[in-house]
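*Asks:* Structure file input.txt (compact mmCIF, C-alpha atoms) right here:
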```txt
# COMPACT_ATOMS: atom_id res chain seq x y z
CA MET A 1 82.21 -180.78 21.39
CA THR A 2 80.71 -180.21 24.85
CA ARG A 3 81.91 -176.99 26.44
CA LEU A 4 83.33 -177.30 29.94
CA LEU A 5 83.63 -174.12 31.99
CA VAL A 6 86.77 -173.98 34.11
CA ALA A 7 86.01 -171.40 36.81
CA SER A 8 89.33 -169.56 36.72
CA ARG A 9 90.92 -166.47 35.24
CA ASN A 10 94.47 -167.62 35.97
CA ALA A 11 96.01 -167.98 32.50
CA LYS A 12 98.73 -170.33 33.71
CA LYS A 13 96.29 -172.55 35.58
CA LEU A 14 93.97 -172.62 32.55
CA ALA A 15 96.84 -173.59 30.25
CA GLU A 16 97.78 -176.39 32.64
CA MET A 17 94.19 -177.64 32.77
CA ARG A 18 93.81 -177.48 28.97
CA ARG A 19 96.90 -179.66 28.60
CA ILE A 20 95.75 -182.19 31.18
CA LEU A 21 92.22 -182.35 29.78
CA ALA A 22 93.34 -182.49 26.14
CA GLY A 23 92.06 -186.05 25.71
CA ALA A 24 88.82 -185.61 27.61
CA GLY A 25 86.67 -184.75 24.61
CA VAL A 26 85.57 -181.38 25.97
CA GLU A 27 86.25 -177.79 24.95
CA VAL A 28 87.70 -175.94 27.96
CA VAL A 29 86.50 -172.35 28.35
CA GLY A 30 87.66 -169.99 31.09
CA LEU A 31 85.69 -167.37 33.01
CA ASP A 32 86.85 -164.65 30.61
CA GLU A 33 85.12 -166.47 27.75
CA VAL A 34 81.61 -166.45 29.23
CA PRO A 35 79.36 -163.51 30.14
CA PRO A 36 80.47 -162.08 33.49
CA PHE A 37 78.53 -162.97 36.65
CA PRO A 38 79.06 -161.93 40.28
CA GLU A 39 81.63 -164.25 41.87
CA ALA A 40 81.45 -165.10 45.55
CA PRO A 41 84.65 -164.62 47.60
CA GLU A 42 86.58 -167.72 48.64
CA THR A 43 85.66 -168.00 52.29
CA GLY A 44 85.78 -171.77 52.78
CA ALA A 45 87.85 -173.40 55.50
CA THR A 46 89.02 -176.16 53.15
CA PHE A 47 90.17 -176.53 49.55
CA GLU A 48 87.11 -178.72 48.91
CA ASP A 49 84.67 -176.08 50.26
CA ASN A 50 86.11 -173.44 47.96
CA ALA A 51 86.29 -175.67 44.88
CA VAL A 52 82.71 -176.88 45.10
CA ALA A 53 81.34 -173.40 45.86
CA LYS A 54 83.06 -171.96 42.78
CA ALA A 55 81.96 -174.84 40.53
CA ARG A 56 78.35 -174.64 41.78
CA ASP A 57 78.19 -170.91 41.12
CA ALA A 58 79.72 -171.24 37.69
CA ALA A 59 77.39 -174.06 36.66
CA ALA A 60 74.30 -172.30 38.01
CA GLU A 61 75.15 -168.98 36.34
CA THR A 62 76.01 -170.39 32.93
CA GLY A 63 74.14 -173.68 32.55
CA LEU A 64 77.45 -175.29 31.55
CA PRO A 65 79.15 -178.20 33.27
CA ALA A 66 81.78 -176.50 35.41
CA VAL A 67 85.07 -177.48 37.00
CA ALA A 68 86.72 -175.41 39.71
CA ASP A 69 89.79 -176.11 41.69
CA ASP A 70 91.26 -174.71 44.83
CA SER A 71 94.84 -175.52 45.49
CA GLY A 72 97.78 -174.50 47.55
CA LEU A 73 100.90 -175.36 49.42
CA ALA A 74 100.62 -177.09 52.80
CA VAL A 75 103.84 -176.59 54.78
CA ASP A 76 104.10 -179.00 57.72
CA ALA A 77 106.09 -176.57 59.89
CA LEU A 78 103.31 -174.01 59.33
CA ASN A 79 100.58 -176.49 60.37
CA GLY A 80 99.47 -176.94 56.76
CA MET A 81 99.45 -173.25 55.91
CA PRO A 82 99.49 -171.24 53.59
CA GLY A 83 96.81 -173.78 52.56
CA VAL A 84 93.61 -172.10 51.40
CA PHE A 85 95.38 -168.73 51.78
CA SER A 86 98.21 -169.64 49.39
CA ALA A 87 97.33 -167.01 46.76
CA ARG A 88 97.31 -164.12 49.22
CA TRP A 89 99.73 -165.29 51.87
CA ALA A 90 101.75 -162.06 51.78
CA GLY A 91 98.57 -159.96 51.67
CA ARG A 92 96.39 -158.49 49.05
CA THR A 93 99.13 -157.94 46.48
CA ARG A 94 98.71 -161.62 45.50
CA SER A 95 102.25 -161.74 44.16
CA ASP A 96 103.78 -165.22 43.68
CA GLU A 97 107.21 -163.80 44.46
CA ALA A 98 106.08 -162.05 47.67
CA ASN A 99 104.18 -165.15 48.81
CA LEU A 100 107.06 -167.56 48.43
CA ARG A 101 109.58 -165.11 49.89
CA LEU A 102 107.38 -164.76 52.97
CA VAL A 103 107.12 -168.54 53.45
CA LEU A 104 110.92 -168.78 53.19
CA GLU A 105 111.37 -166.06 55.81
CA GLN A 106 108.83 -167.68 58.13
CA VAL A 107 110.65 -171.03 58.03
CA ALA A 108 114.16 -169.53 58.02
CA ASP A 109 115.03 -171.10 61.39
CA VAL A 110 113.26 -174.43 60.78
CA PRO A 111 115.81 -177.24 60.35
CA ASP A 112 116.02 -178.73 56.83
CA GLU A 113 114.64 -182.10 57.93
CA ARG A 114 111.39 -180.43 58.98
CA LEU A 115 110.89 -178.54 55.69
CA THR A 116 108.37 -181.05 54.36
CA ALA A 117 105.37 -179.79 52.42
CA SER A 118 102.72 -180.90 49.96
CA PHE A 119 100.91 -179.30 47.09
CA VAL A 120 97.20 -180.00 47.42
CA CYS A 121 94.46 -179.57 44.82
CA ALA A 122 90.77 -180.09 45.37
CA SER A 123 88.81 -180.16 42.16
CA ALA A 124 85.03 -180.09 41.86
CA LEU A 125 82.91 -180.93 38.82
CA VAL A 126 79.28 -179.80 38.84
CA LEU A 127 77.06 -181.10 36.05
CA PRO A 128 73.88 -179.49 34.67
CA ASP A 129 71.82 -182.19 36.47
CA SER A 130 73.43 -180.97 39.78
CA THR A 131 75.65 -184.01 40.17
CA GLU A 132 78.75 -182.97 42.13
CA ILE A 133 82.03 -184.82 42.03
CA ILE A 134 84.81 -183.68 44.35
CA VAL A 135 88.33 -185.10 44.21
CA ARG A 136 91.69 -184.30 45.79
CA GLY A 137 95.23 -184.67 44.49
CA GLU A 138 98.30 -184.37 46.71
CA TRP A 139 101.94 -184.00 45.74
CA PRO A 140 104.38 -184.54 48.62
CA GLY A 141 107.85 -183.01 48.74
CA ARG A 142 109.98 -180.51 50.57
CA LEU A 143 110.93 -176.85 50.41
CA VAL A 144 114.27 -175.43 49.29
CA ARG A 145 115.51 -172.12 50.64
CA GLU A 146 116.40 -170.57 47.27
CA PRO A 147 113.84 -170.40 44.43
CA ARG A 148 114.91 -172.24 41.26
CA GLY A 149 113.36 -172.63 37.79
CA GLY A 150 111.18 -170.60 35.47
CA ASN A 151 108.32 -172.98 34.65
CA GLY A 152 105.05 -173.31 36.53
CA PHE A 153 103.74 -170.63 38.87
CA GLY A 154 102.93 -170.00 42.51
CA TYR A 155 105.24 -171.83 44.89
CA ASP A 156 106.73 -174.11 42.19
CA PRO A 157 110.23 -172.55 42.46
CA ILE A 158 110.64 -173.56 46.12
CA PHE A 159 109.06 -177.04 46.01
CA VAL A 160 111.03 -180.21 45.27
CA PRO A 161 108.72 -183.21 44.77
CA GLU A 162 109.55 -186.49 46.48
CA GLY A 163 112.01 -188.50 44.39
CA GLU A 164 113.21 -185.37 42.52
CA THR A 165 116.17 -183.05 42.91
CA ARG A 166 114.63 -180.38 40.67
CA THR A 167 112.00 -177.95 41.87
CA SER A 168 108.59 -178.22 40.23
CA ALA A 169 109.48 -175.00 38.35
CA GLU A 170 112.40 -176.91 36.80
CA LEU A 171 110.20 -179.76 35.53
CA THR A 172 108.82 -179.61 32.01
CA SER A 173 105.07 -179.07 31.73
CA ALA A 174 104.58 -182.70 30.71
CA GLU A 175 106.64 -183.96 33.65
CA LYS A 176 104.72 -181.76 36.07
CA ASP A 177 101.27 -182.61 34.72
CA ALA A 178 101.95 -186.35 35.00
CA ILE A 179 102.55 -186.26 38.75
CA SER A 180 101.36 -182.92 40.12
CA HIS A 181 98.54 -182.37 42.59
CA ARG A 182 96.43 -180.81 39.83
CA GLY A 183 97.30 -183.59 37.38
CA ARG A 184 96.29 -186.23 39.91
CA ALA A 185 93.02 -184.50 40.77
CA LEU A 186 92.05 -184.03 37.13
CA GLN A 187 92.93 -187.64 36.32
CA LEU A 188 90.31 -188.60 38.89
CA LEU A 189 87.76 -186.38 37.12
CA LEU A 190 88.50 -187.65 33.61
CA PRO A 191 86.10 -190.64 33.63
CA HIS A 192 83.30 -188.28 34.67
CA LEU A 193 84.23 -185.72 32.00
CA ARG A 194 84.20 -188.39 29.29
CA THR A 195 80.54 -189.10 30.03
CA LEU A 196 79.79 -185.49 29.01
CA SER A 197 80.91 -186.02 25.44
CA ARG A 198 78.91 -189.23 25.01
CA PRO A 199 75.53 -189.04 23.36
CA MET B 1 117.20 -161.56 97.28
CA THR B 2 117.74 -164.47 94.85
CA ARG B 3 118.37 -163.29 91.30
CA LEU B 4 116.18 -164.83 88.63
CA LEU B 5 117.33 -164.50 85.03
CA VAL B 6 114.49 -163.92 82.58
CA ALA B 7 115.88 -164.96 79.20
CA SER B 8 114.52 -162.04 77.19
CA ARG B 9 115.64 -158.69 75.80
CA ASN B 10 112.08 -157.55 75.06
CA ALA B 11 111.63 -154.53 77.36
CA LYS B 12 107.84 -154.75 77.30
CA LYS B 13 107.82 -158.45 78.06
CA LEU B 14 110.33 -157.93 80.90
CA ALA B 15 108.20 -155.14 82.37
CA GLU B 16 105.16 -157.41 82.26
CA MET B 17 107.06 -160.24 83.94
CA ARG B 18 108.48 -157.95 86.63
CA ARG B 19 104.94 -156.84 87.49
CA ILE B 20 103.56 -160.36 87.60
CA LEU B 21 106.50 -161.67 89.64
CA ALA B 22 106.55 -158.69 92.02
CA GLY B 23 105.47 -160.83 94.98
CA ALA B 24 107.65 -163.83 94.22
CA GLY B 25 110.59 -162.77 96.37
CA VAL B 26 113.09 -162.77 93.51
CA GLU B 27 115.03 -160.04 91.72
CA VAL B 28 114.26 -160.28 88.00
CA VAL B 29 117.21 -159.59 85.70
CA GLY B 30 117.05 -159.59 81.89
CA LEU B 31 119.59 -160.83 79.36
CA ASP B 32 121.02 -157.33 78.97
CA GLU B 33 121.98 -157.35 82.67
CA VAL B 34 124.23 -160.43 82.56
CA PRO B 35 127.44 -161.04 80.59
CA PRO B 36 126.56 -161.90 76.97
CA PHE B 37 126.63 -165.53 75.85
CA PRO B 38 125.88 -167.09 72.45
CA GLU B 39 122.13 -167.60 72.13
CA ALA B 40 120.74 -170.51 70.10
CA PRO B 41 118.08 -169.68 67.48
CA GLU B 42 114.48 -170.61 68.25
CA THR B 43 114.00 -173.66 66.09
CA GLY B 44 111.50 -175.64 68.16
CA ALA B 45 108.23 -176.88 66.74
CA THR B 46 106.32 -175.90 69.87
CA PHE B 47 106.21 -173.04 72.38
CA GLU B 48 107.35 -175.50 75.07
CA ASP B 49 110.40 -176.64 73.05
CA ASN B 50 111.54 -173.05 72.58
CA ALA B 51 110.88 -171.97 76.16
CA VAL B 52 112.77 -174.84 77.76
CA ALA B 53 115.70 -174.57 75.31
CA LYS B 54 116.11 -170.87 76.11
CA ALA B 55 115.81 -171.40 79.87
CA ARG B 56 118.28 -174.31 79.84
CA ASP B 57 120.85 -172.27 77.91
CA ALA B 58 120.43 -169.27 80.16
CA ALA B 59 120.76 -171.31 83.36
CA ALA B 60 123.77 -173.25 82.09
CA GLU B 61 125.59 -170.12 80.87
CA THR B 62 125.03 -168.04 84.00
CA GLY B 63 124.53 -170.45 86.88
CA LEU B 64 121.36 -168.53 87.76
CA PRO B 65 117.85 -169.94 87.99
CA ALA B 66 116.33 -168.94 84.66
CA VAL B 67 112.85 -168.43 83.28
CA ALA B 68 112.13 -168.24 79.56
CA ASP B 69 108.86 -167.97 77.79
CA ASP B 70 107.77 -168.47 74.24
CA SER B 71 104.42 -167.13 73.35
CA GLY B 72 102.27 -166.21 70.43
CA LEU B 73 98.93 -165.92 68.82
CA ALA B 74 97.17 -169.08 67.60
CA VAL B 75 94.53 -168.18 65.00
CA ASP B 76 92.09 -171.03 64.40
CA ALA B 77 91.48 -170.11 60.74
CA LEU B 78 95.26 -170.25 60.24
CA ASN B 79 95.52 -173.73 61.82
CA GLY B 80 97.04 -172.28 64.99
CA MET B 81 99.53 -170.03 63.21
CA PRO B 82 101.35 -167.57 63.55
CA GLY B 83 102.09 -169.72 66.64
CA VAL B 84 105.82 -170.13 67.24
CA PHE B 85 106.44 -167.76 64.32
CA SER B 86 104.41 -164.90 65.85
CA ALA B 87 107.37 -162.53 66.26
CA ARG B 88 108.48 -162.81 62.62
CA TRP B 89 105.24 -163.59 60.85
CA ALA B 90 105.71 -160.82 58.28
CA GLY B 91 109.39 -161.72 57.85
CA ARG B 92 112.64 -160.66 59.35
CA THR B 93 111.60 -157.07 60.07
CA ARG B 94 109.96 -158.40 63.27
CA SER B 95 107.59 -155.43 63.36
CA ASP B 96 104.48 -155.80 65.54
CA GLU B 97 102.55 -153.58 63.14
CA ALA B 98 103.59 -155.53 60.02
CA ASN B 99 102.84 -158.85 61.74
CA LEU B 100 99.31 -157.95 62.80
CA ARG B 101 98.51 -156.25 59.48
CA LEU B 102 99.55 -159.42 57.66
CA VAL B 103 97.32 -161.61 59.85
CA LEU B 104 94.40 -159.26 59.16
CA GLU B 105 94.99 -159.42 55.40
CA GLN B 106 95.29 -163.22 55.49
CA VAL B 107 91.93 -163.60 57.25
CA ALA B 108 90.21 -160.77 55.34
CA ASP B 109 87.71 -163.16 53.73
CA VAL B 110 87.18 -165.35 56.80
CA PRO B 111 83.67 -164.82 58.25
CA ASP B 112 83.56 -163.10 61.66
CA GLU B 113 82.26 -166.20 63.43
CA ARG B 114 85.43 -168.09 62.47
CA LEU B 115 87.82 -165.38 63.72
CA THR B 116 88.55 -167.21 66.99
CA ALA B 117 92.08 -167.18 68.36
CA SER B 118 94.06 -167.71 71.54
CA PHE B 119 97.16 -166.21 73.03
CA VAL B 120 99.42 -169.01 74.24
CA CYS B 121 102.42 -168.76 76.55
CA ALA B 122 104.74 -171.61 77.48
CA SER B 123 107.03 -170.75 80.34
CA ALA B 124 109.98 -172.81 81.53
CA LEU B 125 111.89 -172.49 84.79
CA VAL B 126 115.27 -174.20 85.03
CA LEU B 127 116.90 -174.35 88.46
CA PRO B 128 120.62 -174.65 89.24
CA ASP B 129 120.05 -178.29 90.26
CA SER B 130 118.70 -178.89 86.70
CA THR B 131 115.09 -179.20 87.80
CA GLU B 132 112.88 -178.13 84.90
CA ILE B 133 109.31 -176.91 85.28
CA ILE B 134 107.30 -176.20 82.13
CA VAL B 135 103.85 -174.64 82.22
CA ARG B 136 101.38 -173.26 79.68
CA GLY B 137 98.86 -170.43 79.88
CA GLU B 138 96.13 -169.90 77.29
CA TRP B 139 93.89 -166.88 76.76
CA PRO B 140 90.97 -167.51 74.40
CA GLY B 141 89.28 -164.78 72.39
CA ARG B 142 88.69 -163.53 68.88
CA LEU B 143 90.24 -161.17 66.37
CA VAL B 144 88.92 -157.77 65.34
CA ARG B 145 89.63 -156.37 61.90
CA GLU B 146 90.82 -152.92 63.06
CA PRO B 147 93.61 -152.54 65.66
CA ARG B 148 92.57 -150.70 68.82
CA GLY B 149 94.42 -149.58 71.95
CA GLY B 150 97.91 -148.48 72.88
CA ASN B 151 98.81 -150.75 75.79
CA GLY B 152 100.54 -154.09 75.54
CA PHE B 153 102.51 -155.18 72.50
CA GLY B 154 102.53 -157.73 69.71
CA TYR B 155 99.06 -158.72 68.58
CA ASP B 156 97.28 -157.12 71.58
CA PRO B 157 95.53 -154.45 69.43
CA ILE B 158 93.61 -157.04 67.36
CA PHE B 159 92.72 -159.53 70.14
CA VAL B 160 89.53 -159.31 72.21
CA PRO B 161 89.58 -161.77 75.11
CA GLU B 162 86.49 -163.88 75.81
CA GLY B 163 84.01 -161.96 77.93
CA GLU B 164 85.51 -158.58 76.91
CA THR B 165 84.60 -155.96 74.33
CA ARG B 166 87.97 -154.22 74.62
CA THR B 167 91.10 -155.47 72.88
CA SER B 168 93.91 -156.60 75.14
CA ALA B 169 95.71 -153.37 74.15
CA GLU B 170 92.80 -151.48 75.71
CA LEU B 171 93.06 -153.28 79.05
CA THR B 172 95.14 -151.78 81.83
CA SER B 173 98.33 -153.61 82.70
CA ALA B 174 96.77 -154.94 85.89
CA GLU B 175 93.67 -156.16 84.07
CA LYS B 176 95.80 -157.89 81.44
CA ASP B 177 98.22 -159.49 83.89
CA ALA B 178 95.38 -160.99 85.92
CA ILE B 179 93.97 -163.00 83.04
CA SER B 180 96.51 -163.09 80.22
CA HIS B 181 98.29 -166.16 78.85
CA ARG B 182 101.57 -164.92 80.38
CA GLY B 183 99.89 -164.07 83.67
CA ARG B 184 98.36 -167.54 83.88
CA ALA B 185 101.62 -169.29 83.02
CA LEU B 186 103.61 -167.29 85.57
CA GLN B 187 100.99 -167.90 88.26
CA LEU B 188 101.68 -171.60 87.75
CA LEU B 189 105.42 -170.98 88.24
CA LEU B 190 105.03 -168.83 91.37
CA PRO B 191 105.02 -171.67 93.94
CA HIS B 192 108.27 -172.96 92.42
CA LEU B 193 109.83 -169.49 92.40
CA ARG B 194 108.98 -168.98 96.07
CA THR B 195 111.08 -172.02 97.00
CA LEU B 196 114.11 -170.15 95.58
CA SER B 197 113.93 -167.43 98.17
CA ARG B 198 113.56 -169.84 101.09
CA PRO B 199 116.68 -170.75 103.08
```
If you took the structure in this file and wrote it as structure tokens, what would it be?
*Replies:*
Amino acid sequence: MTRLLVASRNAKKLAEMRRILAGAGVEVVGLDEVPPFPEAPETGATFEDNAVAKARDAAAETGLPAVADDSGLAVDALNGMPGVFSARWAGRTRSDEANLRLVLEQVADVPDERLTASFVCASALVLPDSTEIIVRGEWPGRLVREPRGGNGFGYDPIFVPEGETRTSAELTSAEKDAISHRGRALQLLLPHLRTLSRP
Amino acid sequence: MTRLLVASRNAKKLAEMRRILAGAGVEVVGLDEVPPFPEAPETGATFEDNAVAKARDAAAETGLPAVADDSGLAVDALNGMPGVFSARWAGRTRSDEANLRLVLEQVADVPDERLTASFVCASALVLPDSTEIIVRGEWPGRLVREPRGGNGFGYDPIFVPEGETRTSAELTSAEKDAISHRGRALQLLLPHLRTLSRP
């Protein structure tokens, strides 16, 4: 089976991607399963910039087809932030809990009707022949002021997807994968990934 | 001399406004110098919304002509944030030091050439006859990664105005007032304030 490098060390993100890509005919390996190489910092202004830079690096360093994603929460009242800074919004501690607590404090005085937000995921696939495919998945919803639910990660406990009353941390993995920003982005990559496993 | 209520309890902001309005022919009084009234939270989406709401409230509650400003730092790499959330960017502690440290951590990986920012001040004057005048002052510059200087307040220690090498916390009060966002906004209000002191 063709190996596909997913340029991440986030165990929860890797598990999510393994589930979503289960039918793609590839063996997903994470960064901890390949020889280490120097990784560039994420300095892009957009999710797409960061995703393609990471995938390019990973493919060039390993010779494997590589997927990278960059994703985050875009809060309308914060002009689309935390955005590309989602993982370190509260500073270098990179704690999910600190990040979401800070967002809730920042929007404490914002009226409920303006608490709209979207999860965004840009995903880039770079093939050994240098082909690059970049896709984006978005998941619209709104914020709640009290975290709820133990599934997922990141800002899932404060995000209620459109058409739901549960937060994305209260959805099952299968429910989340079917409609999430990352699920949508990877669905768009699937046809390209299937070509990898063909002779 | 006509009394002008400045709808603020921030001693440093009041001092700055008293200096800038010294020649306007009005006696500046702060919120702590008038009988207390219930103050609405700042829930506007823009500096202008917040400034005019505060000035309207203050004029209606006291019968005095009232000026209010809402101001903040707009960091381009943060899509214009902290913006209207500048005073509580790091959460409810409302500490200048915590706020500017958080901004610096958030932009830690942003290349220097993208560290552009502006101070923005919307100022609203509401007269007893319900006339409303709303103005905006902007002060473009860039961020530095290490705070410098002991003058000013807020984000002054990490902001270097265009054409300067010093941070705005290293400028003298007079230098700052002449070119700052608040100075520019109040200059635009001066002609209207002078009409108050005329018979």
*Asks:* To one decimal place in Å, what is the distance between atom CA of B:Ala122 and atom CA of B:Arg18?
*Replies:*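 Computed distance, atom CA of B:Ala122 to atom CA of B:Arg18, equals 16.9 Å.
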*Asks:* Between A:Asp112, A:Asp177, A:Asp69, A:Glu138, which is the closest to A:Arg19 once you count only C-alpha atoms?
*Replies:*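 Under the stated criterion, the closest residue is A:Asp177.
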*Asks:* Considering all atoms listed in the file, give me a table of residues in chain B that are at most 9 Å from chain A, with the closest atom pair and distance in Å for each, as a tab-separated table.
*Replies:*
```
residue	atom	partner	partner_atom	distance
B:Pro41	CA	A:Asp109	CA	7.0
B:Glu42	CA	A:Asp109	CA	6.9
B:Thr43	CA	A:Val110	CA	5.4
B:Gly44	CA	A:Val110	CA	7.7
B:Ala45	CA	A:Ala77	CA	7.2
B:Ala77	CA	A:Ala45	CA	7.2
B:Leu78	CA	A:Met81	CA	6.7
B:Asn79	CA	A:Asn79	CA	5.9
B:Gly80	CA	A:Asn79	CA	7.2
B:Met81	CA	A:Leu78	CA	6.7
B:Pro82	CA	A:Leu78	CA	7.9
B:Gly83	CA	A:Leu78	CA	8.6
B:Phe85	CA	A:Gln106	CA	6.6
B:Arg88	CA	A:Gln106	CA	6.6
B:Trp89	CA	A:Gln106	CA	6.1
B:Ala90	CA	A:Leu102	CA	6.8
B:Gly91	CA	A:Glu105	CA	5.2
B:Arg92	CA	A:Glu105	CA	6.6
B:Arg101	CA	A:Gly91	CA	8.6
B:Leu102	CA	A:Gly91	CA	6.1
B:Val103	CA	A:Gly91	CA	8.4
B:Leu104	CA	A:Gly91	CA	8.6
B:Glu105	CA	A:Gly91	CA	5.2
B:Gln106	CA	A:Gly91	CA	6.0
B:Val107	CA	A:Phe85	CA	8.3
B:Asp109	CA	A:Thr43	CA	5.4
B:Val110	CA	A:Thr43	CA	5.4
B:Pro111	CA	A:Thr43	CA	7.0
```
*Asks:* Near stretch 161-168 of chain A, counting all atoms listed in the file, which residues have an atom at most 10 Å away, once you skip same-chain residues fewer than 5 positions from it, shown as a short mmCIF file (atom, residue, chain, number, x, y, z; two decimals) with C-alpha atoms, in the frame of the given file?
*Replies:*
```
data_model
loop_
_atom_site.label_atom_id
_atom_site.label_comp_id
_atom_site.auth_asym_id
_atom_site.auth_seq_id
_atom_site.Cartn_x
_atom_site.Cartn_y
_atom_site.Cartn_z
CA THR A 116 108.37 -181.05 54.36
CA ALA A 117 105.37 -179.79 52.42
CA SER A 118 102.72 -180.90 49.96
CA PHE A 119 100.91 -179.30 47.09
CA TRP A 139 101.94 -184.00 45.74
CA PRO A 140 104.38 -184.54 48.62
CA GLY A 141 107.85 -183.01 48.74
CA ARG A 142 109.98 -180.51 50.57
CA LEU A 143 110.93 -176.85 50.41
CA VAL A 144 114.27 -175.43 49.29
CA PRO A 147 113.84 -170.40 44.43
CA ARG A 148 114.91 -172.24 41.26
CA GLY A 149 113.36 -172.63 37.79
CA GLY A 150 111.18 -170.60 35.47
CA ASN A 151 108.32 -172.98 34.65
CA GLY A 152 105.05 -173.31 36.53
CA PHE A 153 103.74 -170.63 38.87
CA TYR A 155 105.24 -171.83 44.89
CA ASP A 156 106.73 -174.11 42.19
CA SER A 173 105.07 -179.07 31.73
CA GLU A 175 106.64 -183.96 33.65
CA LYS A 176 104.72 -181.76 36.07
CA ILE A 179 102.55 -186.26 38.75
CA SER A 180 101.36 -182.92 40.12
#
```
*Asks:* Find the residues around B:Ser123 up to 12 Å (only C-alpha atoms counted), leave out those fewer than 2 positions away in its own chain, and share them as a short mmCIF file (atom, residue, chain, number, x, y, z; two decimals) with C-alpha atoms, in the frame of the given file.
*Replies:*
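Saved file around22.cif follows:
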```
data_model
loop_
_atom_site.label_atom_id
_atom_site.label_comp_id
_atom_site.auth_asym_id
_atom_site.auth_seq_id
_atom_site.Cartn_x
_atom_site.Cartn_y
_atom_site.Cartn_z
CA VAL B 6 114.49 -163.92 82.58
CA ALA B 7 115.88 -164.96 79.20
CA SER B 8 114.52 -162.04 77.19
CA MET B 17 107.06 -160.24 83.94
CA THR B 46 106.32 -175.90 69.87
CA PHE B 47 106.21 -173.04 72.38
CA GLU B 48 107.35 -175.50 75.07
CA ASP B 49 110.40 -176.64 73.05
CA ASN B 50 111.54 -173.05 72.58
CA ALA B 51 110.88 -171.97 76.16
CA VAL B 52 112.77 -174.84 77.76
CA ALA B 53 115.70 -174.57 75.31
CA LYS B 54 116.11 -170.87 76.11
CA ALA B 55 115.81 -171.40 79.87
CA ARG B 56 118.28 -174.31 79.84
CA ALA B 66 116.33 -168.94 84.66
CA VAL B 67 112.85 -168.43 83.28
CA ALA B 68 112.13 -168.24 79.56
CA ASP B 69 108.86 -167.97 77.79
CA ASP B 70 107.77 -168.47 74.24
CA SER B 71 104.42 -167.13 73.35
CA GLY B 72 102.27 -166.21 70.43
CA VAL B 120 99.42 -169.01 74.24
CA CYS B 121 102.42 -168.76 76.55
CA LEU B 125 111.89 -172.49 84.79
CA VAL B 126 115.27 -174.20 85.03
CA GLU B 132 112.88 -178.13 84.90
CA ILE B 133 109.31 -176.91 85.28
CA ILE B 134 107.30 -176.20 82.13
CA VAL B 135 103.85 -174.64 82.22
CA ARG B 136 101.38 -173.26 79.68
CA GLY B 137 98.86 -170.43 79.88
CA GLU B 138 96.13 -169.90 77.29
CA HIS B 181 98.29 -166.16 78.85
CA ARG B 182 101.57 -164.92 80.38
CA GLY B 183 99.89 -164.07 83.67
CA ARG B 184 98.36 -167.54 83.88
CA ALA B 185 101.62 -169.29 83.02
CA LEU B 186 103.61 -167.29 85.57
CA GLN B 187 100.99 -167.90 88.26
CA LEU B 188 101.68 -171.60 87.75
CA LEU B 189 105.42 -170.98 88.24
CA LEU B 190 105.03 -168.83 91.37
#
```
*Asks:* Name the closest residue to B:Asp129 among the candidates B:Leu115, B:Asp76, B:Ala59, B:Thr2; distances are taken between atoms, counting all atoms listed in the file.
*Replies:*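 Counting all atoms listed in the file, the residue closest to B:Asp129 is B:Ala59.
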*Asks:* Report, in Å to a single decimal, how far apart atom CA of B:Ser95 and atom CA of B:Ala58 are.
*Replies:* 25.3 Å
*Asks:* Report, in Å to a single decimal, how far apart atom CA of A:Arg9 and atom CA of A:Val29 are.
*Replies:*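 Between these atoms lies a distance of 10.1 Å.
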*Asks:* Excluding A:Thr62 and its own-chain neighbours fewer than 5 positions away, which residues fall within 12 Å of it when counting all atoms listed in the file? Please give them as a list in words.
*Replies:* Arg3, Leu4, Leu5, Val6, Ala7, Val29, Gly30, Leu31, Glu33, Val34, Pro35, Pro36, Phe37, Pro38, Ala55, Arg56, Asp57, Val126, Leu127 and Pro128 of chain A
*Asks:* Under the rule that only C-alpha atoms are counted, which of A:Glu16, A:Leu193, A:Ala74, A:Leu64 is the nearest residue to A:Thr172?
*Replies:* A:Glu16
